[in-house]
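Engineer: As input, take model.cif (mmCIF, C-alpha atoms):
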data_upload
#
loop_
_atom_site.label_atom_id
_atom_site.label_comp_id
_atom_site.auth_asym_id
_atom_site.auth_seq_id
_atom_site.Cartn_x
_atom_site.Cartn_y
_atom_site.Cartn_z
CA MET A 144 88.15 -7.51 176.21
CA ALA A 145 91.87 -6.99 175.68
CA SER A 146 93.17 -3.50 176.32
CA THR A 147 96.40 -1.71 175.69
CA GLN A 148 98.51 0.78 177.63
CA VAL A 149 98.54 3.03 174.58
CA THR A 150 96.02 5.79 175.19
CA ASN A 151 94.56 8.00 172.50
CA ARG A 152 92.50 11.11 171.89
CA LEU A 153 91.00 9.98 168.61
CA ARG A 154 87.46 10.87 169.63
CA VAL A 155 88.51 14.43 170.55
CA PHE A 156 90.48 14.90 167.35
CA ARG A 157 87.65 13.54 165.22
CA PHE A 158 85.24 15.93 166.95
CA ASN A 159 87.60 18.86 166.40
CA ASN A 160 87.93 17.96 162.74
CA GLY A 161 84.30 18.55 161.87
CA GLU A 162 82.98 15.38 163.49
CA MET A 163 85.03 13.25 161.13
CA THR A 164 83.47 9.79 160.98
CA GLN A 165 85.42 6.68 161.87
CA GLN A 166 84.95 5.50 158.28
CA ALA A 167 86.33 8.76 156.88
CA LEU A 168 89.38 8.51 159.12
CA ALA A 169 89.83 4.85 158.20
CA ASP A 170 89.74 5.73 154.49
CA ARG A 171 92.29 8.49 154.95
CA VAL A 172 94.82 6.36 156.79
CA GLY A 173 94.27 3.07 154.95
CA LEU A 174 92.75 1.06 157.79
CA THR A 175 89.32 -0.47 158.26
CA ARG A 176 86.62 1.18 160.36
CA GLN A 177 86.77 -1.82 162.72
CA THR A 178 90.45 -1.13 163.35
CA ILE A 179 89.74 2.55 164.06
CA VAL A 180 87.00 1.47 166.51
CA ALA A 181 89.42 -0.93 168.21
CA ILE A 182 92.11 1.78 168.47
CA GLU A 183 89.65 4.38 169.76
CA LYS A 184 88.35 2.01 172.44
CA GLY A 185 91.90 1.22 173.51
CA HIS A 186 91.62 -2.43 172.53
CA TYR A 187 94.30 -2.29 169.88
CA ALA A 188 97.65 -0.48 169.80
CA PRO A 189 98.40 0.63 166.24
CA SER A 190 101.81 0.25 164.67
CA LEU A 191 104.09 3.28 164.74
CA GLU A 192 103.46 3.78 161.02
CA ALA A 193 99.67 3.73 161.44
CA ALA A 194 99.92 6.04 164.45
CA PHE A 195 101.90 8.55 162.36
CA ARG A 196 99.36 8.33 159.53
CA ILE A 197 96.50 8.93 161.97
CA ALA A 198 98.25 11.88 163.60
CA ARG A 199 99.03 13.42 160.20
CA ALA A 200 95.42 12.96 159.10
CA PHE A 201 94.56 15.37 161.93
CA GLY A 202 97.53 17.62 161.20
CA ALA A 203 98.88 16.89 164.66
CA GLY A 204 101.94 15.31 166.22
CA ILE A 205 101.90 11.68 167.23
CA GLU A 206 102.18 12.51 170.94
CA ASP A 207 99.23 14.88 170.70
CA VAL A 208 97.05 11.98 169.59
CA PHE A 209 98.65 9.03 171.36
CA GLY A 210 100.06 8.55 174.83
CA TYR A 211 101.40 5.76 176.97
CA SER A 212 100.21 4.98 180.49
CA ASP A 213 102.63 3.09 182.76
CA MET B 215 81.51 -7.00 161.99
CA SER B 216 83.95 -6.64 159.10
CA TYR B 217 83.75 -8.53 155.82
CA ASN B 218 86.76 -10.68 156.78
CA THR B 219 85.17 -11.57 160.13
CA LYS B 220 81.95 -12.58 158.42
CA VAL B 221 83.81 -14.76 155.92
CA SER B 222 85.73 -16.41 158.78
CA LEU B 223 82.51 -17.02 160.66
CA ALA B 224 80.92 -18.45 157.50
CA THR B 225 83.92 -20.79 157.14
CA VAL B 226 83.52 -22.06 160.71
CA VAL B 227 79.78 -22.60 160.11
CA GLY B 228 80.44 -24.34 156.77
CA LEU B 229 83.07 -26.64 158.26
CA ALA B 230 80.85 -27.49 161.23
CA MET B 231 77.85 -28.21 159.01
CA VAL B 232 79.57 -30.36 156.37
CA TYR B 233 82.08 -32.23 158.51
CA GLY B 234 79.72 -32.42 161.47
CA ALA B 235 77.29 -34.30 159.22
CA TYR B 236 80.10 -36.42 157.78
CA PHE B 237 81.50 -37.47 161.17
CA LEU B 238 78.01 -38.20 162.50
CA TRP B 239 77.67 -40.59 159.59
CA ALA B 240 81.21 -41.99 159.86
CA TRP B 241 80.87 -42.52 163.63
CA ARG B 242 78.34 -45.32 163.06
CA PRO B 243 80.10 -48.66 162.48
CA GLY B 244 79.80 -50.85 159.45
CA HIS B 245 81.00 -48.61 156.64
CA SER B 246 83.29 -50.05 153.99
CA ALA B 247 86.46 -48.32 152.81
CA PRO B 248 85.01 -47.38 149.39
CA GLU B 249 81.95 -45.89 151.14
CA ILE B 250 84.18 -43.82 153.42
CA PHE B 251 86.27 -42.67 150.46
CA THR B 252 83.15 -41.66 148.53
CA HIS B 253 81.81 -39.71 151.50
CA ILE B 254 85.15 -37.96 152.12
CA VAL B 255 85.27 -36.81 148.50
CA GLY B 256 81.57 -35.93 148.65
CA ALA B 257 82.08 -33.91 151.84
CA ALA B 258 84.96 -32.00 150.22
CA ILE B 259 82.81 -31.18 147.18
CA LEU B 260 79.87 -30.25 149.39
CA LEU B 261 82.13 -27.99 151.46
CA VAL B 262 83.18 -26.13 148.32
CA VAL B 263 79.53 -25.66 147.32
CA VAL B 264 78.49 -24.57 150.84
CA MET B 265 81.43 -22.16 151.10
CA ILE B 266 80.63 -20.60 147.71
CA ALA B 267 77.01 -20.16 148.82
CA LEU B 268 77.95 -18.68 152.21
CA ALA B 269 80.67 -16.43 150.78
CA THR B 270 78.26 -15.19 148.12
CA ALA B 271 75.61 -14.48 150.75
CA VAL B 272 78.14 -12.49 152.79
CA ALA B 273 79.43 -10.62 149.74
CA VAL B 274 75.93 -9.72 148.56
CA ARG B 275 75.08 -8.25 151.96
CA GLU B 276 78.38 -6.43 152.17
CA VAL B 277 79.53 -3.92 149.61
CA VAL B 278 83.24 -4.49 149.51
CA ILE B 279 85.03 -1.35 148.40
CA VAL B 280 88.78 -1.27 148.46
CA LYS B 281 89.76 2.14 149.79
CA SER B 282 93.00 1.25 151.46
CA GLY B 283 95.16 3.36 149.17
CA GLY B 284 97.76 0.63 148.94
CA HIS B 285 97.82 -0.10 152.67
CA VAL B 286 96.87 -3.49 154.01
CA ASP B 287 94.94 -3.21 157.26
CA GLU B 288 97.55 -4.13 159.86
CA ARG B 289 95.07 -5.45 162.42
CA ASP B 290 93.52 -7.76 159.81
CA GLN B 291 96.97 -9.00 158.91
CA THR B 292 98.00 -9.52 162.55
CA ASN B 293 94.76 -11.30 163.41
CA GLU B 294 95.14 -13.58 160.40
CA LEU B 295 98.73 -14.46 161.34
CA ARG B 296 97.82 -15.10 164.97
CA SER B 297 94.82 -17.27 164.10
CA ALA B 298 96.78 -19.22 161.45
CA ARG B 299 99.40 -19.88 164.12
CA ASN B 300 96.66 -21.14 166.48
CA GLY B 301 95.44 -23.47 163.72
CA TYR B 302 98.99 -24.72 163.22
CA TYR B 303 99.40 -25.35 166.95
CA ALA B 304 96.11 -27.29 166.95
CA LEU B 305 97.30 -29.30 163.96
CA ILE B 306 100.68 -30.29 165.40
CA SER B 307 99.31 -31.02 168.86
CA LEU B 308 96.49 -33.21 167.53
CA ILE B 309 98.41 -35.04 164.78
CA TRP B 310 101.25 -36.45 166.87
CA PRO B 311 99.29 -39.53 168.10
CA ALA B 312 98.85 -40.67 164.46
CA PRO B 313 101.98 -42.90 164.39
CA PHE B 314 100.83 -44.58 167.60
CA VAL B 315 97.41 -45.19 166.09
CA VAL B 316 99.13 -46.88 163.14
CA LEU B 317 101.36 -48.92 165.46
CA ALA B 318 98.31 -49.98 167.45
CA GLY B 319 97.04 -51.60 164.27
CA ALA B 320 94.20 -49.23 163.48
CA SER B 321 92.49 -49.67 160.15
CA PRO B 322 93.33 -47.28 157.29
CA VAL B 323 89.72 -46.08 157.40
CA LEU B 324 90.03 -45.06 161.05
CA LEU B 325 93.37 -43.42 160.37
CA ALA B 326 91.95 -41.49 157.40
CA ASN B 327 89.03 -40.30 159.51
CA LEU B 328 91.29 -39.27 162.37
CA ALA B 329 93.55 -37.32 159.99
CA LEU B 330 90.51 -35.63 158.45
CA ALA B 331 89.11 -34.79 161.88
CA VAL B 332 92.43 -33.22 162.90
CA LEU B 333 92.53 -31.10 159.73
CA VAL B 334 88.94 -29.97 160.21
CA LEU B 335 89.54 -29.12 163.89
CA ALA B 336 92.71 -27.20 163.00
CA GLU B 337 90.82 -25.16 160.39
CA MET B 338 88.01 -24.50 162.86
CA VAL B 339 90.55 -23.29 165.41
CA HIS B 340 92.12 -21.10 162.71
CA PHE B 341 88.93 -19.42 161.55
CA GLY B 342 87.25 -19.51 164.98
CA SER B 343 90.14 -17.68 166.59
CA ARG B 344 90.11 -15.19 163.70
CA VAL B 345 86.51 -14.36 164.56
CA VAL B 346 87.35 -14.05 168.27
CA TYR B 347 90.37 -11.80 167.62
CA ASP B 348 88.38 -9.62 165.23
CA LEU B 349 85.47 -9.21 167.61
CA ARG B 350 87.41 -8.54 170.78
CA GLY B 351 89.53 -5.90 169.13
CA ALA B 352 92.92 -7.56 169.54
#
Here is a file; write its structure as structure tokens.
Structural biologist:
Amino acid sequence: MASTQVTNRLRVFRFNNGEMTQQALADRVGLTRQTIVAIEKGHYAPSLEAAFRIARAFGAGIEDVFGYSD
Amino acid sequence: MSYNTKVSLATVVGLAMVYGAYFLWAWRPGHSAPEIFTHIVGAAILLVVVMIALATAVAVREVVIVKSGGHVDERDQTNELRSARNGYYALISLIWPAPFVVLAGASPVLLANLALAVLVLAEMVHFGSRVVYDLRGA
């Protein structure tokens, strides 16, 4: 499995937003559920635009949701 | 598995079924050029029929609802571009011996079959790598 150095707290943010489902998040940000799964597992690094859309869907800043591990 | 992944997988299966059967037939010696031509056209028509059947089967099992709100899924797009590039690489790396085959005096039938095999392999690389990229999360 490929992995990325971009880390994320999607699971935590989904939990804190009323256990938002991956499908619900995907619908809100215009991605597929499979892409949300790949991002959440750290297998896919989203584009900056998608990362902003995801962060805004949670009402958070991009660096609250995403990080980068050297 | 997403709808696009299933369609790609169906394409690989369809190509393998139809052209696998065709090349098994064509591999045996003694076919005339008109026979080969008829079978190539027949295989192309059969592929269309098989692909319609497989795509319909996938679509019936999958309720496709467009909810993207104007956005195209970026991972789908990236995976498609990467797998199309792989198919192109397969095509250009497999097709270059064609002039040498002609110079070696190969029959037009052999040349036609080789060209067809290269196209089929390139498409299988294209859709096969799409399935792999989709499933591994890249």
Engineer: Any idea what's packed within 12 Å of Pro248 (chain B), counting only C-alpha atoms, ignoring anything in its chain fewer than 6 positions away? Could you give it as a list in words?
Structural biologist: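 Once the adjacent positions are removed, what remains is Ile254, Val255, Gly256, Pro322 and Val323 of chain B.
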Engineer: Report, in Å to a single decimal, how far apart CA of Ala304 (chain B) and CA of Leu260 (chain B) are.
Structural biologist: 24.1 Å
Engineer: Evaluate the PyMOL selection byres ((chain B and resi 324) around 12) here and jot the selected residues down as a list in words.
Structural biologist: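 Selected by the PyMOL selection byres ((chain B and resi 324) around 12) in this file: Phe237, Ala240, Trp241, Arg242, Pro243, Gly244, His245, Ser246, Ala247, Ile250, Phe251, Ala312, Val315, Val316, Ala318, Gly319, Ala320, Ser321, Pro322, Val323, Leu325, Ala326, Asn327, Leu328, Ala329, Leu330 and Ala331 of chain B.
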Engineer: Let me know the residues the PyMOL selection byres ((chain A) within 10 of (chain B)) catches in the file above, as a PyMOL selection string.
Structural biologist: chain A and resi 144-147+169-182+184-190+192-193
Engineer: Applying the PyMOL selection byres ((chain B and resi 294) around 10) to the file I just gave you, which residues come out? Please list them as a PyMOL selection string.
Structural biologist: chain B and resi 218+222+288-293+295-300+340-341+343-345+347-348
Engineer: Where's the centre, and what are the edge lengths in Å to one decimal, of a box along x, y and z enclosing all listed atoms of region 173-188 of chain A padded 5 Å per side, as lines of an AutoDock Vina configuration file?
Structural biologist:
center_x = 92.1
center_y = 1.0
center_z = 164.2
size_x = 21.0
size_y = 16.8
size_z = 28.6
Engineer: Could you tell me how far CA of Glu162 (chain A) sits from CA of Arg196 (chain A), in Å to one decimal place?
Structural biologist: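 We find that CA of Arg196 (chain A) and CA of Glu162 (chain A) lie 18.3 Å from each other.
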Engineer: Select, from B:Glu249, B:Met338, B:Pro311, B:Val332, the residue with the minimum atom-to-atom distance to Met231 (chain B), counting only C-alpha atoms.
Structural biologist: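 The closest residue to Met231 (chain B) is B:Met338.
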Engineer: Looking at all atoms listed in the file, which of B:Val272, B:Val262, B:Leu333, B:Ala224 is the one that sits closest to Leu305 (chain B)?
Structural biologist: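 Looking at the shortest contact to Leu305 (chain B), the residue is B:Leu333.
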Engineer: Could you tell me how far CA of Gly228 (chain B) sits from CA of Met265 (chain B), in Å to one decimal place?
Structural biologist: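 Separation of CA of Met265 (chain B) and CA of Gly228 (chain B): 6.2 Å.
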Engineer: Taking 5 positions as the minimum chain separation for residues in the same chain, which residues sit within 7 Å of region 203-211 of chain A when counting only C-alpha atoms? Answer as a list in words.
Structural biologist: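 Selected residues are Gln148, Val149, Thr150, Asn151, Arg152, Leu153, Ala194, Phe195 and Ala198 of chain A.
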Engineer: When you count all atoms listed in the file, which of these residues is closest to Val274 (chain B): B:Leu335, B:Val346, B:Ile309, B:Val221?
Structural biologist: B:Val221
Engineer: Return the single residue from B:Ala273, B:Ile306, B:Val339, B:Val334 that is closest to Tyr236 (chain B), with distances computed using all atoms listed in the file.
Structural biologist: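 Among the listed residues, B:Val334 lies closest to Tyr236 (chain B).
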Engineer: Once you've located chain A in the structure I gave, write it as a PDB file, in the first residue's frame, keeping C-alpha atoms.
Structural biologist:
ATOM      1  CA  MET A 144       0.000   0.000   0.000  1.00  0.00           C
ATOM      2  CA  ALA A 145       1.271   3.453  -0.902  1.00  0.00           C
ATOM      3  CA  SER A 146       1.311   5.993   1.896  1.00  0.00           C
ATOM      4  CA  THR A 147       1.851   9.695   2.123  1.00  0.00           C
ATOM      5  CA  GLN A 148       3.656  12.003   4.528  1.00  0.00           C
ATOM      6  CA  VAL A 149       0.503  14.076   4.815  1.00  0.00           C
ATOM      7  CA  THR A 150      -1.166  13.155   8.086  1.00  0.00           C
ATOM      8  CA  ASN A 151      -4.770  13.872   8.940  1.00  0.00           C
ATOM      9  CA  ARG A 152      -7.291  13.875  11.762  1.00  0.00           C
ATOM     10  CA  LEU A 153     -10.314  13.151   9.612  1.00  0.00           C
ATOM     11  CA  ARG A 154     -11.549  10.360  11.854  1.00  0.00           C
ATOM     12  CA  VAL A 155     -11.441  12.639  14.922  1.00  0.00           C
ATOM     13  CA  PHE A 156     -13.173  15.491  13.132  1.00  0.00           C
ATOM     14  CA  ARG A 157     -15.862  13.198  11.751  1.00  0.00           C
ATOM     15  CA  PHE A 158     -16.449  11.832  15.257  1.00  0.00           C
ATOM     16  CA  ASN A 159     -16.658  15.338  16.700  1.00  0.00           C
ATOM     17  CA  ASN A 160     -19.141  16.340  14.022  1.00  0.00           C
ATOM     18  CA  GLY A 161     -21.848  13.932  15.091  1.00  0.00           C
ATOM     19  CA  GLU A 162     -20.182  10.812  13.708  1.00  0.00           C
ATOM     20  CA  MET A 163     -20.363  12.210  10.197  1.00  0.00           C
ATOM     21  CA  THR A 164     -20.158   9.319   7.745  1.00  0.00           C
ATOM     22  CA  GLN A 165     -17.459   9.130   5.100  1.00  0.00           C
ATOM     23  CA  GLN A 166     -20.196   9.313   2.462  1.00  0.00           C
ATOM     24  CA  ALA A 167     -21.683  12.454   4.022  1.00  0.00           C
ATOM     25  CA  LEU A 168     -18.278  14.121   4.083  1.00  0.00           C
ATOM     26  CA  ALA A 169     -17.610  13.014   0.502  1.00  0.00           C
ATOM     27  CA  ASP A 170     -20.909  14.540  -0.625  1.00  0.00           C
ATOM     28  CA  ARG A 171     -20.161  17.808   1.132  1.00  0.00           C
ATOM     29  CA  VAL A 172     -16.725  18.268  -0.387  1.00  0.00           C
ATOM     30  CA  GLY A 173     -17.422  16.821  -3.845  1.00  0.00           C
ATOM     31  CA  LEU A 174     -15.244  13.714  -3.621  1.00  0.00           C
ATOM     32  CA  THR A 175     -16.099  10.019  -3.657  1.00  0.00           C
ATOM     33  CA  ARG A 176     -16.298   7.944  -0.483  1.00  0.00           C
ATOM     34  CA  GLN A 177     -13.363   5.875  -1.782  1.00  0.00           C
ATOM     35  CA  THR A 178     -11.231   9.015  -1.939  1.00  0.00           C
ATOM     36  CA  ILE A 179     -12.203   9.988   1.615  1.00  0.00           C
ATOM     37  CA  VAL A 180     -11.263   6.450   2.747  1.00  0.00           C
ATOM     38  CA  ALA A 181      -7.904   6.733   0.962  1.00  0.00           C
ATOM     39  CA  ILE A 182      -7.227  10.153   2.533  1.00  0.00           C
ATOM     40  CA  GLU A 183      -8.255   8.987   6.009  1.00  0.00           C
ATOM     41  CA  LYS A 184      -5.993   5.927   5.799  1.00  0.00           C
ATOM     42  CA  GLY A 185      -3.104   8.121   4.683  1.00  0.00           C
ATOM     43  CA  HIS A 186      -2.855   6.439   1.292  1.00  0.00           C
ATOM     44  CA  TYR A 187      -3.682   9.534  -0.690  1.00  0.00           C
ATOM     45  CA  ALA A 188      -2.653  13.168  -0.209  1.00  0.00           C
ATOM     46  CA  PRO A 189      -5.493  15.449  -1.310  1.00  0.00           C
ATOM     47  CA  SER A 190      -4.926  18.551  -3.383  1.00  0.00           C
ATOM     48  CA  LEU A 191      -4.708  21.844  -1.532  1.00  0.00           C
ATOM     49  CA  GLU A 192      -8.167  22.748  -2.817  1.00  0.00           C
ATOM     50  CA  ALA A 193      -9.718  19.498  -1.570  1.00  0.00           C
ATOM     51  CA  ALA A 194      -7.914  19.863   1.762  1.00  0.00           C
ATOM     52  CA  PHE A 195      -9.409  23.348   2.192  1.00  0.00           C
ATOM     53  CA  ARG A 196     -12.883  22.063   1.301  1.00  0.00           C
ATOM     54  CA  ILE A 197     -12.557  19.240   3.841  1.00  0.00           C
ATOM     55  CA  ALA A 198     -11.315  21.575   6.570  1.00  0.00           C
ATOM     56  CA  ARG A 199     -14.153  24.028   5.887  1.00  0.00           C
ATOM     57  CA  ALA A 200     -16.697  21.209   5.982  1.00  0.00           C
ATOM     58  CA  PHE A 201     -15.632  20.769   9.613  1.00  0.00           C
ATOM     59  CA  GLY A 202     -15.457  24.511  10.234  1.00  0.00           C
ATOM     60  CA  ALA A 203     -11.762  24.161  11.005  1.00  0.00           C
ATOM     61  CA  GLY A 204      -8.475  25.416   9.636  1.00  0.00           C
ATOM     62  CA  ILE A 205      -6.507  23.314   7.203  1.00  0.00           C
ATOM     63  CA  GLU A 206      -3.656  22.768   9.668  1.00  0.00           C
ATOM     64  CA  ASP A 207      -6.091  21.574  12.315  1.00  0.00           C
ATOM     65  CA  VAL A 208      -7.140  18.745  10.009  1.00  0.00           C
ATOM     66  CA  PHE A 209      -3.969  18.073   8.046  1.00  0.00           C
ATOM     67  CA  GLY A 210      -0.321  17.896   9.009  1.00  0.00           C
ATOM     68  CA  TYR A 211       2.973  16.963   7.433  1.00  0.00           C
ATOM     69  CA  SER A 212       5.458  14.511   8.915  1.00  0.00           C
ATOM     70  CA  ASP A 213       9.094  14.856   7.826  1.00  0.00           C
TER      71      ASP A 213
END
